[in-house]
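Have a look at upload.pdb; it's PDB, C-alpha atoms:
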```
ATOM      1  CA  MET A 340      79.900 127.025 102.562
ATOM      2  CA  THR A 341      76.198 126.618 103.171
ATOM      3  CA  THR A 342      74.732 123.386 104.404
ATOM      4  CA  GLN A 343      71.187 122.172 104.137
ATOM      5  CA  PRO A 344      69.232 122.178 107.366
ATOM      6  CA  GLU A 345      68.974 118.676 108.763
ATOM      7  CA  ALA A 346      65.216 118.538 108.069
ATOM      8  CA  GLY A 347      64.766 117.477 104.470
ATOM      9  CA  ARG A 348      68.451 116.652 104.029
ATOM     10  CA  LEU A 349      69.406 113.166 102.873
ATOM     11  CA  ALA A 350      72.349 110.991 103.792
ATOM     12  CA  TYR A 351      73.608 108.400 101.349
ATOM     13  CA  ILE A 352      74.840 105.091 102.726
ATOM     14  CA  TYR A 353      77.473 103.570 100.458
ATOM     15  CA  ALA A 354      79.815 100.614 100.169
ATOM     16  CA  LEU A 355      83.316 100.643  98.714
ATOM     17  CA  ILE A 356      83.558  97.507  96.590
ATOM     18  CA  ASP A 357      86.656  95.420  95.868
ATOM     19  CA  ASP A 358      87.565  93.809  92.518
ATOM     20  CA  GLU A 359      85.655  90.657  93.464
ATOM     21  CA  GLY A 360      82.428  92.546  94.112
ATOM     22  CA  ARG A 361      82.602  92.366  97.919
ATOM     23  CA  ALA A 362      81.949  95.326 100.174
ATOM     24  CA  ARG A 363      85.102  96.341 102.037
ATOM     25  CA  TYR A 364      83.855  99.514 103.732
ATOM     26  CA  ILE A 365      80.451 100.981 104.585
ATOM     27  CA  GLY A 366      80.078 104.722 105.062
ATOM     28  CA  HIS A 367      77.712 107.649 104.776
ATOM     29  CA  THR A 368      77.859 111.047 103.153
ATOM     30  CA  GLY A 369      75.594 114.036 102.845
ATOM     31  CA  LYS A 370      76.436 114.417  99.162
ATOM     32  CA  PRO A 371      75.217 112.253  96.271
ATOM     33  CA  LEU A 372      77.843 109.832  94.949
ATOM     34  CA  ASN A 373      78.656 110.970  91.453
ATOM     35  CA  GLY A 374      81.733 111.835  89.453
ATOM     36  CA  THR A 375      85.108 112.791  90.830
ATOM     37  CA  GLN A 376      83.582 114.419  93.896
ATOM     38  CA  SER A 377      82.200 111.102  95.147
ATOM     39  CA  ARG A 378      83.107 109.796  98.561
ATOM     40  CA  ALA A 379      85.271 107.053  96.993
ATOM     41  CA  TYR A 380      87.546 109.736  95.563
ATOM     42  CA  VAL A 381      87.796 111.453  98.949
ATOM     43  CA  HIS A 382      88.904 108.159 100.527
ATOM     44  CA  TRP A 383      91.288 107.663  97.599
ATOM     45  CA  ALA A 384      92.823 111.119  98.084
ATOM     46  CA  HIS A 385      93.424 110.404 101.793
ATOM     47  CA  ARG A 386      94.810 106.878 101.356
ATOM     48  CA  LYS A 387      98.404 107.876 102.175
ATOM     49  CA  LEU A 388      97.468 109.614 105.434
ATOM     50  CA  ASP A 389      97.688 107.472 108.569
ATOM     51  CA  ASP A 390      96.991 110.021 111.273
ATOM     52  CA  ASP A 391      94.648 109.473 114.219
ATOM     53  CA  ARG A 392      91.593 110.765 112.352
ATOM     54  CA  ARG A 393      91.866 108.266 109.511
ATOM     55  CA  ASN A 394      91.286 104.555 109.146
ATOM     56  CA  PRO A 395      94.729 102.926 108.696
ATOM     57  CA  ARG A 396      93.275  99.555 107.609
ATOM     58  CA  LEU A 397      91.129 101.180 104.926
ATOM     59  CA  ASN A 398      94.080 103.269 103.758
ATOM     60  CA  ALA A 399      96.316 100.184 103.576
ATOM     61  CA  TRP A 400      93.746  98.454 101.347
ATOM     62  CA  LEU A 401      93.309 101.543  99.156
ATOM     63  CA  ARG A 402      97.094 101.758  98.656
ATOM     64  CA  THR A 403      97.021  98.262  97.080
ATOM     65  CA  LEU A 404      94.647  99.460  94.340
ATOM     66  CA  ASP A 405      95.606 101.049  91.028
ATOM     67  CA  GLN A 406      92.496 103.243  90.926
ATOM     68  CA  PRO A 407      89.696 104.322  93.274
ATOM     69  CA  PRO A 408      87.264 101.564  94.218
ATOM     70  CA  GLN A 409      83.700 101.537  93.021
ATOM     71  CA  ALA A 410      81.222 103.160  95.419
ATOM     72  CA  LEU A 411      77.774 101.586  95.502
ATOM     73  CA  VAL A 412      74.860 103.532  97.006
ATOM     74  CA  LEU A 413      72.977 101.247  99.385
ATOM     75  CA  ASP A 414      70.380 103.617 100.777
ATOM     76  CA  ALA A 415      69.250 107.250 100.955
ATOM     77  CA  VAL A 416      67.803 108.139 104.350
ATOM     78  CA  PRO A 417      66.868 111.269 106.290
ATOM     79  CA  TYR A 418      70.091 112.797 107.598
ATOM     80  CA  ALA A 419      69.119 112.243 111.247
ATOM     81  CA  GLN A 420      68.957 108.465 110.591
ATOM     82  CA  ARG A 421      72.385 108.200 108.951
ATOM     83  CA  PHE A 422      74.153 106.449 111.840
ATOM     84  CA  GLU A 423      71.343 103.965 112.390
ATOM     85  CA  SER A 424      71.194 103.104 108.693
ATOM     86  CA  GLU A 425      74.979 102.879 108.347
ATOM     87  CA  GLY A 426      75.039 100.551 111.365
ATOM     88  CA  PHE A 427      72.292  98.402 109.837
ATOM     89  CA  TRP A 428      74.146  98.028 106.533
ATOM     90  CA  THR A 429      77.469  97.412 108.276
ATOM     91  CA  HIS A 430      75.925  94.605 110.313
ATOM     92  CA  CYS A 431      74.255  93.157 107.202
ATOM     93  CA  PHE A 432      77.501  92.982 105.268
ATOM     94  CA  ARG A 433      79.652  91.912 108.214
ATOM     95  CA  TRP A 434      77.426  89.331 109.876
ATOM     96  CA  ALA A 435      74.864  88.192 107.279
ATOM     97  CA  LEU A 436      77.185  88.154 104.276
ATOM     98  CA  GLY A 437      80.499  87.571 106.059
ATOM     99  CA  ASN A 438      82.350  90.431 104.361
ATOM    100  CA  GLN A 439      85.631  91.425 106.004
ATOM    101  CA  LEU A 440      84.867  95.108 106.432
ATOM    102  CA  LEU A 441      87.584  97.633 107.185
ATOM    103  CA  ASN A 442      85.319  99.915 109.226
ATOM    104  CA  ILE A 443      86.583 101.098 112.597
ATOM    105  CA  SER A 444      83.068 102.132 113.550
ATOM    106  CA  THR A 445      79.574 100.828 112.959
ATOM    107  CA  GLY A 446      77.297 103.798 112.513
ATOM    108  CA  SER A 447      78.219 105.922 115.525
ATOM    109  CA  GLU A 448      79.672 103.017 117.549
ATOM    110  CA  HIS A 449      83.059 101.317 117.375
ATOM    111  CA  ALA A 450      83.154  98.072 115.407
ATOM    112  CA  PRO A 451      83.575  94.924 117.539
ATOM    113  CA  GLU A 452      87.241  94.421 116.561
ATOM    114  CA  THR A 453      87.984  98.067 117.375
ATOM    115  CA  ARG A 454      86.269  97.739 120.780
ATOM    116  CA  ALA A 455      88.355  94.630 121.493
ATOM    117  CA  ARG A 456      91.575  96.430 120.567
ATOM    118  CA  ILE A 457      90.655  99.435 122.749
ATOM    119  CA  SER A 458      89.738  97.142 125.656
ATOM    120  CA  GLU A 459      93.010  95.228 125.326
ATOM    121  CA  GLY A 460      94.942  98.493 125.368
ATOM    122  CA  LYS A 461      93.074  99.645 128.481
ATOM    123  CA  ARG A 462      93.760  96.292 130.216
ATOM    124  CA  ARG A 463      97.476  96.600 129.423
ATOM    125  CA  ALA A 464      97.591 100.201 130.660
ATOM    126  CA  HIS A 465      95.796  99.213 133.871
ATOM    127  CA  ALA A 466      98.185  96.292 134.410
ATOM    128  CA  LEU A 467     101.191  98.589 133.893
ATOM    129  CA  ARG A 468      99.809 101.172 136.348
ATOM    130  CA  THR A 469      99.095  98.449 138.902
ATOM    131  CA  TYR A 470     102.572  96.983 138.469
ATOM    132  CA  ALA A 471     104.218 100.406 138.732
ATOM    133  CA  THR A 472     102.411 101.299 141.973
ATOM    134  CA  ALA A 473     103.136  97.884 143.506
ATOM    135  CA  ALA A 474     106.871  98.125 142.796
TER
END
```

Once more with this new file: its structure as structure tokens, please.
Amino acid sequence: MTTQPEAGRLAYIYALIDDEGRARYIGHTGKPLNGTQSRAYVHWAHRKLDDDRRNPRLNAWLRTLDQPPQALVLDAVPYAQRFESEGFWTHCFRWALGNQLLNISTGSEHAPETRARISEGKRRAHALRTYATAA
């Protein structure tokens, strides 16, 4: 498989849209969104997988649907700017529009609810270690 060099390559920022027209997930891809090879179909094909590399909340939502969701292209940006642009659009939909996004990351960073869950897990692990050494 050959890939385009990063210079001149585009990334497409997209939203997966629910039946009510709301964005549920923001992502990016290096391939144009068209036909059965679109990113929505890739998510759809992986909806039953709940391993560590996948997004269980997104998969749970996709499993409630009868067909793949609509993918809406939001932006086409130079490939090197994909994380920044994805983060921008994620923040726009989450904070400005109030959409309940299923993203576990925002661009290249964890989403706020994911950070909170990770922090809570670390606090519990620290408390257990402290308790175990004190006993």

For this file, the PyMOL selection byres ((chain A and resi 403-405) around 12) selects which residues, as a list in words? Ile356, Asp357, Asp358, Trp383, Arg386, Lys387, Arg396, Leu397, Asn398, Ala399, Trp400, Leu401, Arg402, Gln406, Pro407, Pro408 and Gln409 of chain A

May I have the residues within 10 Å of Pro417 in chain A as an mmCIF file with C-alpha atoms, keeping the file's coordinate frame, using all atoms listed in the file and disregarding those fewer than 4 positions away in the same chain?
```
data_model
loop_
_atom_site.group_PDB
_atom_site.id
_atom_site.type_symbol
_atom_site.label_atom_id
_atom_site.label_comp_id
_atom_site.auth_asym_id
_atom_site.auth_seq_id
_atom_site.Cartn_x
_atom_site.Cartn_y
_atom_site.Cartn_z
ATOM 1 C CA GLU A 345 68.974 118.676 108.763
ATOM 2 C CA ALA A 346 65.216 118.538 108.069
ATOM 3 C CA GLY A 347 64.766 117.477 104.470
ATOM 4 C CA ARG A 348 68.451 116.652 104.029
ATOM 5 C CA LEU A 349 69.406 113.166 102.873
ATOM 6 C CA ALA A 350 72.349 110.991 103.792
ATOM 7 C CA TYR A 351 73.608 108.400 101.349
ATOM 8 C CA GLY A 369 75.594 114.036 102.845
ATOM 9 C CA ARG A 421 72.385 108.200 108.951
ATOM 10 C CA SER A 424 71.194 103.104 108.693
#
```

Quick one: residues within 12 Å of Asn373 in chain A, only C-alpha atoms, excluding same-chain residues fewer than 5 positions away - as a CSV table (one decimal) with C-alpha atoms, in the coordinates of the input?
```
chain,number,residue,atom,x,y,z
A,351,TYR,CA,73.6,108.4,101.3
A,353,TYR,CA,77.5,103.6,100.5
A,368,THR,CA,77.9,111.0,103.2
A,378,ARG,CA,83.1,109.8,98.6
A,379,ALA,CA,85.3,107.1,97.0
A,380,TYR,CA,87.5,109.7,95.6
A,381,VAL,CA,87.8,111.5,98.9
A,409,GLN,CA,83.7,101.5,93.0
A,410,ALA,CA,81.2,103.2,95.4
A,411,LEU,CA,77.8,101.6,95.5
A,412,VAL,CA,74.9,103.5,97.0
```

Work out how far apart CA of Pro395 in chain A and CA of Arg363 in chain A are and give it in Å to one decimal.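 Atom-to-atom, CA of Pro395 in chain A and CA of Arg363 in chain A are spaced 13.4 Å apart.
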
At a cut-off of 12 Å around the point (74.1, 102.1, 101.3) (file coordinates), what residues fall inside when counting only C-alpha atoms? I'd like the answer as a PyMOL selection string. chain A and resi 350-356+362+364-368+371-372+410-416+421-432+446

Would you compute the distance between CA of Lys370 in chain A and CA of Leu440 in chain A? Give it in Å to one decimal. 22.3 Å

Proximity to Arg361 in chain A - best of A:Ala419, A:His385, A:Asn394, A:Gln439, all atoms listed in the file: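 Nearest candidate to Arg361 in chain A out of A:Ala419, A:His385, A:Asn394, A:Gln439: A:Gln439.
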